[in-house]
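A.B. asks: Below is a structure I'd like to ask you about.
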Amino acid sequence: MTVQKPFIQIENVSRVFDGNNGVHDLSIDIPRGSFVVLLGPSGCGKSTTLRLIAGLETADQGRILIDDQDVTAVPPSKRGLSMVFQSYALFPHLSVAENIVFGLKVRKCDKVEMAKRLANALDVTGLEGLENRKPSELSGGQRQRVALARAIVAGHPLCLMDEPLSNLDAKLRHSVRKDIRDLQQRLGITVVYVTHDQTEAMSMADIVILMKDGRIEQAGSPADLYLKPATSFAAGFVGSPPMGLLPATILAPKLLPIGARAENLIIGIRPEDLKLQTKAPRHADNIPAQVVSTEFLGPETFVYLAIDGTDGATARLPGRVHLSPGTQVSLSWAGAAAHWFDRERGHRLSAAMPDDATQTHSVFLHNDPAIPTL
Ligand SMILES: Nc1ncnc2c1ncn2[C@@H]1O[C@H](COP(=O)(O)OP(=O)(O)OP(=O)(O)O)[C@@H](O)[C@H]1O
């Protein structure tokens, strides 16, 4: 069996600005035909990474290969890619059709070929009938489709998108992100897409590259990131509401596998894994908490909780839940639902923790006053 070479190879690339900002020693392989999302908080280096792939930024060190060609020193126009930006970058005085074929005209494309490509781009983006309108006569979603159509007519195998949906309202964002994903699959192109919105990343990506402080925190499928976050940062960033992360110690170190640590840990519990009881008195199998607030969303309610006055956990409960702020509740979870991280360095602890050691009765949460400090 032949192993397919990655379509994009980023090898030890750094681009550092003043004050050590930028990206540091990035290495990523992007498979051909995949939808890859660069995700992370503001300033983590997503746009710089995209601009390095585009050639709008030059690497200080390392190299970038596209389709097995070293493009590190190749100008953007020769890299065989198109870009879609948040701002759409449409010419206001040109019609939809003129905007779409602008790049082809500059490249002196044959007229018959140009008409064919325009018709195809209008068809796949659902813009037929709007070709003579000016951008000012279009909705935000339609403008973004024109920007997409312009990227498509170029016929490049790679499309780079920088926060393309952030000017659209929530409902439109939802429908356009589905359109973009469908289009990418239909055309079989490779897309590298920047967003700080983890829901967008999780719903669109084949591979999510989560970045922090100019470095890759974790790269994997959306399921990998959700089910096995590599660090406490990844655990807290992916998932909404986020995973509750609490300083903890395991009280029964004898139950742990050899080499596994019992102290200086962080326990992470996803909101859907947190069980909540209102009447259970405090005992070894549960942990007392107070309701801070609730959020009713129709099919479910989020209950925000504090343990000994420190906010830190959220429970996601089905249906409508009536709990007023200050209500005393008790919490528990199944041992298998617990994620464990090193408290200082944040990395996931790889040793599989037996269920018995990680259930509520074996765990001391550092801000639970009911259990004395060891
Ligand atoms: N041309 C530049 N000159 C100086 N610093 C820069 C330059 N471009 C980016 N930076 C800095 O590098 C870091 C990464 O910026 P980048 O734009 O890649 O982040 P980002 O993750 O895309 O953020 P955002 O989501 O806010 O767009 C930031 O600290 C930013 O201020």
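Ordering of the structure tokens sets the chain letters (A, B, ...); residue numbers start at 1 within each chain; ligands are numbered from 1 in the order shown.
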Give me the residues within 12 Å of Pro6 in chain A as a list in words, counting only C-alpha atoms and dropping any in the same chain fewer than 3 places off.
C.D. replies: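 That gives Val3, Gln9, Ile10, Glu11, Ile28, Asp29, Ile30, Pro31, Arg32, Gly33, Ser34, Ile64, Leu65, Ile66, Asp67, Asp68, Gln69 and Thr190 of chain A.
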A.B. asks: Please produce a file of those selected residues containing N, CA and C atoms, as a short mmCIF file (atom, residue, chain, number, x, y, z; two decimals), in the first residue's frame.
C.D. replies:
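The resulting selection-v6.cif:
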data_model
loop_
_atom_site.label_atom_id
_atom_site.label_comp_id
_atom_site.auth_asym_id
_atom_site.auth_seq_id
_atom_site.Cartn_x
_atom_site.Cartn_y
_atom_site.Cartn_z
N VAL A 3 1.65 5.07 0.81
CA VAL A 3 1.17 6.10 1.72
C VAL A 3 1.20 7.43 0.98
N GLN A 9 3.22 20.53 3.75
CA GLN A 9 4.14 20.16 4.84
C GLN A 9 4.76 21.44 5.40
N ILE A 10 4.52 21.67 6.66
CA ILE A 10 5.14 22.81 7.33
C ILE A 10 6.20 22.21 8.23
N GLU A 11 7.46 22.58 7.98
CA GLU A 11 8.56 21.93 8.70
C GLU A 11 9.32 22.94 9.55
N ILE A 28 3.57 20.82 10.75
CA ILE A 28 2.23 20.28 10.51
C ILE A 28 2.24 19.59 9.14
N ASP A 29 1.58 18.45 9.05
CA ASP A 29 1.31 17.80 7.77
C ASP A 29 -0.18 17.90 7.50
N ILE A 30 -0.54 18.40 6.32
CA ILE A 30 -1.97 18.53 5.98
C ILE A 30 -2.29 17.61 4.80
N PRO A 31 -3.16 16.63 4.98
CA PRO A 31 -3.47 15.70 3.88
C PRO A 31 -4.24 16.38 2.75
N ARG A 32 -4.04 15.88 1.54
CA ARG A 32 -4.74 16.38 0.35
C ARG A 32 -6.25 16.17 0.52
N GLY A 33 -7.02 17.19 0.16
CA GLY A 33 -8.49 17.06 0.18
C GLY A 33 -9.09 17.19 1.57
N SER A 34 -8.29 17.59 2.56
CA SER A 34 -8.85 17.67 3.91
C SER A 34 -9.30 19.09 4.25
N ILE A 64 8.27 25.37 3.87
CA ILE A 64 6.88 25.00 3.59
C ILE A 64 6.84 24.35 2.21
N LEU A 65 6.23 23.17 2.15
CA LEU A 65 6.08 22.49 0.86
C LEU A 65 4.59 22.39 0.54
N ILE A 66 4.23 22.71 -0.70
CA ILE A 66 2.87 22.48 -1.17
C ILE A 66 2.97 21.55 -2.36
N ASP A 67 2.26 20.43 -2.29
CA ASP A 67 2.28 19.43 -3.35
C ASP A 67 3.73 19.05 -3.69
N ASP A 68 4.51 18.83 -2.68
CA ASP A 68 5.90 18.37 -2.81
C ASP A 68 6.87 19.41 -3.36
N GLN A 69 6.40 20.65 -3.56
CA GLN A 69 7.30 21.71 -4.03
C GLN A 69 7.64 22.61 -2.86
N THR A 190 -8.42 21.20 -0.88
CA THR A 190 -7.92 21.26 0.50
C THR A 190 -8.23 22.65 1.03
#
A.B. asks: Neighbours of ligand 1 within 9 Å, counting only C-alpha atoms and all ligand atoms, as a VMD selection string?
C.D. replies: chain A and resid 15 to 23 38 to 51 57 162 to 163 194 to 196 211 to 214
A.B. asks: Which residues come within 9 Å of Gly155 in chain A, counting only C-alpha atoms, excluding same-chain residues fewer than 4 positions away, as a PyMOL selection string?
C.D. replies: chain A and resi 80-82+117+151
A.B. asks: Could you turn the residues from that selection into a file that holds N, CA and C atoms, as a PDB file, in the first residue's frame?
C.D. replies:
ATOM      1  N   GLY A  80      -0.426  28.657  -6.250  1.00  0.00           N
ATOM      2  CA  GLY A  80      -1.586  27.853  -6.660  1.00  0.00           C
ATOM      3  C   GLY A  80      -2.649  27.753  -5.584  1.00  0.00           C
ATOM      4  N   LEU A  81      -2.980  28.911  -4.987  1.00  0.00           N
ATOM      5  CA  LEU A  81      -4.003  28.891  -3.946  1.00  0.00           C
ATOM      6  C   LEU A  81      -4.873  30.134  -4.042  1.00  0.00           C
ATOM      7  N   SER A  82      -6.063  30.049  -3.445  1.00  0.00           N
ATOM      8  CA  SER A  82      -6.918  31.236  -3.366  1.00  0.00           C
ATOM      9  C   SER A  82      -7.234  31.505  -1.895  1.00  0.00           C
ATOM     10  N   ARG A 117     -16.477  28.800 -16.467  1.00  0.00           N
ATOM     11  CA  ARG A 117     -16.100  28.749 -15.037  1.00  0.00           C
ATOM     12  C   ARG A 117     -17.041  29.620 -14.188  1.00  0.00           C
ATOM     13  N   ALA A 151     -13.055  32.530  -5.249  1.00  0.00           N
ATOM     14  CA  ALA A 151     -11.989  31.576  -4.923  1.00  0.00           C
ATOM     15  C   ALA A 151     -12.126  30.312  -5.776  1.00  0.00           C
TER      16      ALA A 151
END
A.B. asks: Show me, as a PyMOL selection string, the residues that have an atom within 9 Å of Val146 in chain A when counting only C-alpha atoms, minus same-chain residues fewer than 2 positions from it.
C.D. replies: chain A and resi 88+90+96-97+99-100+121-122+125+127+135+141-144+148-151
A.B. asks: Next, dump the selected residues to file, keeping only N, CA and C atoms, as a PDB file, in the first residue's frame.
C.D. replies:
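So part34.pdb came out as:
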ATOM      1  N   TYR A  88     -14.454  40.027   2.916  1.00  0.00           N
ATOM      2  CA  TYR A  88     -14.925  39.692   1.552  1.00  0.00           C
ATOM      3  C   TYR A  88     -14.032  40.301   0.474  1.00  0.00           C
ATOM      4  N   LEU A  90     -14.575  42.662  -1.787  1.00  0.00           N
ATOM      5  CA  LEU A  90     -15.218  42.778  -3.106  1.00  0.00           C
ATOM      6  C   LEU A  90     -15.051  44.202  -3.627  1.00  0.00           C
ATOM      7  N   VAL A  96     -21.597  41.328  -9.406  1.00  0.00           N
ATOM      8  CA  VAL A  96     -21.249  40.015  -8.855  1.00  0.00           C
ATOM      9  C   VAL A  96     -20.391  39.240  -9.856  1.00  0.00           C
ATOM     10  N   ALA A  97     -20.870  39.175 -11.112  1.00  0.00           N
ATOM     11  CA  ALA A  97     -20.144  38.391 -12.119  1.00  0.00           C
ATOM     12  C   ALA A  97     -18.744  38.968 -12.350  1.00  0.00           C
ATOM     13  N   ASN A  99     -16.939  40.746 -10.288  1.00  0.00           N
ATOM     14  CA  ASN A  99     -16.110  40.452  -9.121  1.00  0.00           C
ATOM     15  C   ASN A  99     -15.570  39.029  -9.180  1.00  0.00           C
ATOM     16  N   ILE A 100     -16.450  38.097  -9.564  1.00  0.00           N
ATOM     17  CA  ILE A 100     -16.053  36.683  -9.559  1.00  0.00           C
ATOM     18  C   ILE A 100     -14.940  36.412 -10.568  1.00  0.00           C
ATOM     19  N   ALA A 121     -19.286  28.419 -11.085  1.00  0.00           N
ATOM     20  CA  ALA A 121     -19.128  29.022  -9.749  1.00  0.00           C
ATOM     21  C   ALA A 121     -20.467  29.570  -9.250  1.00  0.00           C
ATOM     22  N   LEU A 122     -21.258  30.177 -10.160  1.00  0.00           N
ATOM     23  CA  LEU A 122     -22.584  30.697  -9.767  1.00  0.00           C
ATOM     24  C   LEU A 122     -23.483  29.546  -9.345  1.00  0.00           C
ATOM     25  N   THR A 125     -22.375  27.948  -5.865  1.00  0.00           N
ATOM     26  CA  THR A 125     -22.557  28.819  -4.689  1.00  0.00           C
ATOM     27  C   THR A 125     -24.003  29.327  -4.580  1.00  0.00           C
ATOM     28  N   LEU A 127     -25.643  31.365  -6.565  1.00  0.00           N
ATOM     29  CA  LEU A 127     -25.764  32.810  -6.835  1.00  0.00           C
ATOM     30  C   LEU A 127     -26.421  33.118  -8.185  1.00  0.00           C
ATOM     31  N   PRO A 135     -22.324  44.593  -5.048  1.00  0.00           N
ATOM     32  CA  PRO A 135     -22.204  44.068  -3.676  1.00  0.00           C
ATOM     33  C   PRO A 135     -23.125  44.762  -2.681  1.00  0.00           C
ATOM     34  N   GLY A 141     -24.480  37.276   3.751  1.00  0.00           N
ATOM     35  CA  GLY A 141     -24.275  35.885   3.348  1.00  0.00           C
ATOM     36  C   GLY A 141     -24.026  35.765   1.851  1.00  0.00           C
ATOM     37  N   GLN A 142     -24.778  36.569   1.065  1.00  0.00           N
ATOM     38  CA  GLN A 142     -24.591  36.529  -0.396  1.00  0.00           C
ATOM     39  C   GLN A 142     -23.215  37.092  -0.778  1.00  0.00           C
ATOM     40  N   ARG A 143     -22.777  38.131  -0.064  1.00  0.00           N
ATOM     41  CA  ARG A 143     -21.442  38.695  -0.352  1.00  0.00           C
ATOM     42  C   ARG A 143     -20.361  37.660  -0.086  1.00  0.00           C
ATOM     43  N   GLN A 144     -20.556  36.923   1.020  1.00  0.00           N
ATOM     44  CA  GLN A 144     -19.547  35.906   1.330  1.00  0.00           C
ATOM     45  C   GLN A 144     -19.545  34.813   0.261  1.00  0.00           C
ATOM     46  N   LEU A 148     -16.543  33.412  -2.051  1.00  0.00           N
ATOM     47  CA  LEU A 148     -16.271  31.978  -2.249  1.00  0.00           C
ATOM     48  C   LEU A 148     -16.210  31.636  -3.733  1.00  0.00           C
ATOM     49  N   ALA A 149     -17.178  32.190  -4.494  1.00  0.00           N
ATOM     50  CA  ALA A 149     -17.233  31.918  -5.944  1.00  0.00           C
ATOM     51  C   ALA A 149     -15.944  32.397  -6.609  1.00  0.00           C
ATOM     52  N   ARG A 150     -15.441  33.539  -6.150  1.00  0.00           N
ATOM     53  CA  ARG A 150     -14.206  34.087  -6.729  1.00  0.00           C
ATOM     54  C   ARG A 150     -13.033  33.142  -6.437  1.00  0.00           C
ATOM     55  N   ALA A 151     -13.055  32.530  -5.249  1.00  0.00           N
ATOM     56  CA  ALA A 151     -11.989  31.576  -4.923  1.00  0.00           C
ATOM     57  C   ALA A 151     -12.126  30.312  -5.776  1.00  0.00           C
TER      58      ALA A 151
END
A.B. asks: Smallest atom-to-atom distance to Gly55 in chain A: which of A:Leu26, A:Ala73, A:Leu297, A:Val112, using only C-alpha atoms?
C.D. replies: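 Of the candidates, the smallest distance to Gly55 in chain A is held by A:Ala73.
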A.B. asks: Residues near Val13 in chain A, anyone? I mean within 6 Å using only C-alpha atoms, not counting same-chain ones fewer than 4 positions away, as a list of chain:residue names.
C.D. replies: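 Returned residues: A:Asp25, A:Leu26, A:Gln61, A:Gly62.
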A.B. asks: Those same residues, written as a JSON list (two decimals), in the first residue's frame with C-alpha atoms?
C.D. replies:
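Once everything was written out, this is part20.json:
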[["chain", "number", "residue", "atom", "x", "y", "z"],
["A", 25, "ASP", "CA", 8.88, 25.93, 15.40],
["A", 26, "LEU", "CA", 5.62, 24.79, 13.79],
["A", 61, "GLN", "CA", 13.34, 29.59, 9.64],
["A", 62, "GLY", "CA", 11.97, 26.26, 8.45]]
A.B. asks: Find the spatial neighbours of Asp311 in chain A, counting only C-alpha atoms, within a cut-off of 12 Å - ignore same-chain residues fewer than 3 positions away - and output them as a list of chain:residue names.
C.D. replies: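 Within the cut-off, the hits are A:Gly244, A:Leu245, A:Leu246, A:Ala289, A:Gln290, A:Val291, A:Val292, A:Ser293, A:Val303, A:Tyr304, A:Leu305, A:Ala306, A:Ile307, A:Asp308, A:Thr314, A:Asn367, A:Asp368.
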A.B. asks: Have a look at CA of His93 in chain A and CA of Val106 in chain A and let me know their distance in Å, one decimal.
C.D. replies: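 CA of Val106 in chain A lies 16.7 Å from CA of His93 in chain A.
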A.B. asks: Figure out the distance between CA of Leu158 in chain A and CA of Gln4 in chain A, please, to one decimal in Å.
C.D. replies: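 Distance between the two atoms: 16.8 Å.
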A.B. asks: Among the residues of range 46-216 of chain A, find those DSSP assigns to helix (DSSP H, G or I) from the backbone and print them as a count of residues only.
C.D. replies: 80
A.B. asks: To test your reading of the structure, identify every residue in range 122-240 of chain A that backbone DSSP assigns to strand (DSSP E or B), and report it as a PDB file with N, CA and C atoms, in the first residue's frame.
C.D. replies:
ATOM      1  N   LEU A 158      -6.123  24.496  -3.513  1.00  0.00           N
ATOM      2  CA  LEU A 158      -5.994  24.885  -2.102  1.00  0.00           C
ATOM      3  C   LEU A 158      -6.684  26.219  -1.874  1.00  0.00           C
ATOM      4  N   CYS A 159      -7.518  26.270  -0.834  1.00  0.00           N
ATOM      5  CA  CYS A 159      -8.185  27.524  -0.492  1.00  0.00           C
ATOM      6  C   CYS A 159      -7.926  27.836   0.988  1.00  0.00           C
ATOM      7  N   LEU A 160      -7.471  29.047   1.255  1.00  0.00           N
ATOM      8  CA  LEU A 160      -7.189  29.475   2.620  1.00  0.00           C
ATOM      9  C   LEU A 160      -8.272  30.451   3.052  1.00  0.00           C
ATOM     10  N   MET A 161      -8.850  30.248   4.218  1.00  0.00           N
ATOM     11  CA  MET A 161      -9.961  31.111   4.667  1.00  0.00           C
ATOM     12  C   MET A 161      -9.650  31.658   6.053  1.00  0.00           C
ATOM     13  N   ASP A 162      -9.691  32.981   6.198  1.00  0.00           N
ATOM     14  CA  ASP A 162      -9.402  33.610   7.488  1.00  0.00           C
ATOM     15  C   ASP A 162     -10.683  34.195   8.077  1.00  0.00           C
ATOM     16  N   THR A 190      -8.418  21.202  -0.876  1.00  0.00           N
ATOM     17  CA  THR A 190      -7.918  21.261   0.500  1.00  0.00           C
ATOM     18  C   THR A 190      -8.234  22.654   1.034  1.00  0.00           C
ATOM     19  N   VAL A 191      -8.795  22.715   2.237  1.00  0.00           N
ATOM     20  CA  VAL A 191      -9.100  24.021   2.833  1.00  0.00           C
ATOM     21  C   VAL A 191      -8.357  24.138   4.165  1.00  0.00           C
ATOM     22  N   VAL A 192      -7.693  25.280   4.348  1.00  0.00           N
ATOM     23  CA  VAL A 192      -7.148  25.615   5.679  1.00  0.00           C
ATOM     24  C   VAL A 192      -7.921  26.840   6.141  1.00  0.00           C
ATOM     25  N   TYR A 193      -8.543  26.724   7.298  1.00  0.00           N
ATOM     26  CA  TYR A 193      -9.581  27.655   7.734  1.00  0.00           C
ATOM     27  C   TYR A 193      -9.248  28.153   9.139  1.00  0.00           C
ATOM     28  N   VAL A 194      -9.231  29.464   9.315  1.00  0.00           N
ATOM     29  CA  VAL A 194      -8.913  30.036  10.632  1.00  0.00           C
ATOM     30  C   VAL A 194     -10.185  30.463  11.356  1.00  0.00           C
ATOM     31  N   THR A 195     -10.300  30.081  12.606  1.00  0.00           N
ATOM     32  CA  THR A 195     -11.404  30.593  13.434  1.00  0.00           C
ATOM     33  C   THR A 195     -11.003  30.560  14.912  1.00  0.00           C
ATOM     34  N   ILE A 207      -9.550  17.876  10.542  1.00  0.00           N
ATOM     35  CA  ILE A 207      -8.456  17.987  11.517  1.00  0.00           C
ATOM     36  C   ILE A 207      -8.515  19.381  12.140  1.00  0.00           C
ATOM     37  N   VAL A 208      -8.466  19.421  13.458  1.00  0.00           N
ATOM     38  CA  VAL A 208      -8.382  20.706  14.164  1.00  0.00           C
ATOM     39  C   VAL A 208      -6.950  20.856  14.669  1.00  0.00           C
ATOM     40  N   ILE A 209      -6.361  22.027  14.396  1.00  0.00           N
ATOM     41  CA  ILE A 209      -5.040  22.326  14.960  1.00  0.00           C
ATOM     42  C   ILE A 209      -5.265  23.428  15.989  1.00  0.00           C
ATOM     43  N   LEU A 210      -5.194  23.049  17.249  1.00  0.00           N
ATOM     44  CA  LEU A 210      -5.438  24.014  18.323  1.00  0.00           C
ATOM     45  C   LEU A 210      -4.111  24.667  18.693  1.00  0.00           C
ATOM     46  N   MET A 211      -4.090  26.013  18.654  1.00  0.00           N
ATOM     47  CA  MET A 211      -2.839  26.736  18.918  1.00  0.00           C
ATOM     48  C   MET A 211      -2.941  27.558  20.197  1.00  0.00           C
ATOM     49  N   LYS A 212      -1.777  27.781  20.802  1.00  0.00           N
ATOM     50  CA  LYS A 212      -1.693  28.636  21.994  1.00  0.00           C
ATOM     51  C   LYS A 212      -0.293  29.247  22.009  1.00  0.00           C
ATOM     52  N   ARG A 215       2.276  28.220  19.338  1.00  0.00           N
ATOM     53  CA  ARG A 215       2.663  26.812  19.216  1.00  0.00           C
ATOM     54  C   ARG A 215       1.421  25.932  19.098  1.00  0.00           C
ATOM     55  N   ILE A 216       1.642  24.695  18.608  1.00  0.00           N
ATOM     56  CA  ILE A 216       0.509  23.766  18.487  1.00  0.00           C
ATOM     57  C   ILE A 216       0.276  23.101  19.840  1.00  0.00           C
ATOM     58  N   GLU A 217      -0.935  23.225  20.340  1.00  0.00           N
ATOM     59  CA  GLU A 217      -1.275  22.615  21.622  1.00  0.00           C
ATOM     60  C   GLU A 217      -1.732  21.168  21.386  1.00  0.00           C
ATOM     61  N   GLN A 218      -2.558  20.984  20.353  1.00  0.00           N
ATOM     62  CA  GLN A 218      -3.017  19.638  19.993  1.00  0.00           C
ATOM     63  C   GLN A 218      -3.531  19.658  18.559  1.00  0.00           C
ATOM     64  N   ALA A 219      -3.238  18.611  17.810  1.00  0.00           N
ATOM     65  CA  ALA A 219      -3.790  18.469  16.455  1.00  0.00           C
ATOM     66  C   ALA A 219      -4.450  17.107  16.375  1.00  0.00           C
ATOM     67  N   GLY A 220      -5.679  17.073  15.876  1.00  0.00           N
ATOM     68  CA  GLY A 220      -6.376  15.791  15.776  1.00  0.00           C
ATOM     69  C   GLY A 220      -7.778  15.997  15.257  1.00  0.00           C
ATOM     70  N   THR A 231      -4.202  18.483  26.799  1.00  0.00           N
ATOM     71  CA  THR A 231      -3.777  19.375  27.882  1.00  0.00           C
ATOM     72  C   THR A 231      -5.023  19.959  28.557  1.00  0.00           C
TER      73      THR A 231
END
A.B. asks: Report, in Å with one decimal, the straight-line distance from CA of Leu349 in chain A to CA of Glu272 in chain A.
C.D. replies: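 Between these atoms lies a distance of 21.5 Å.
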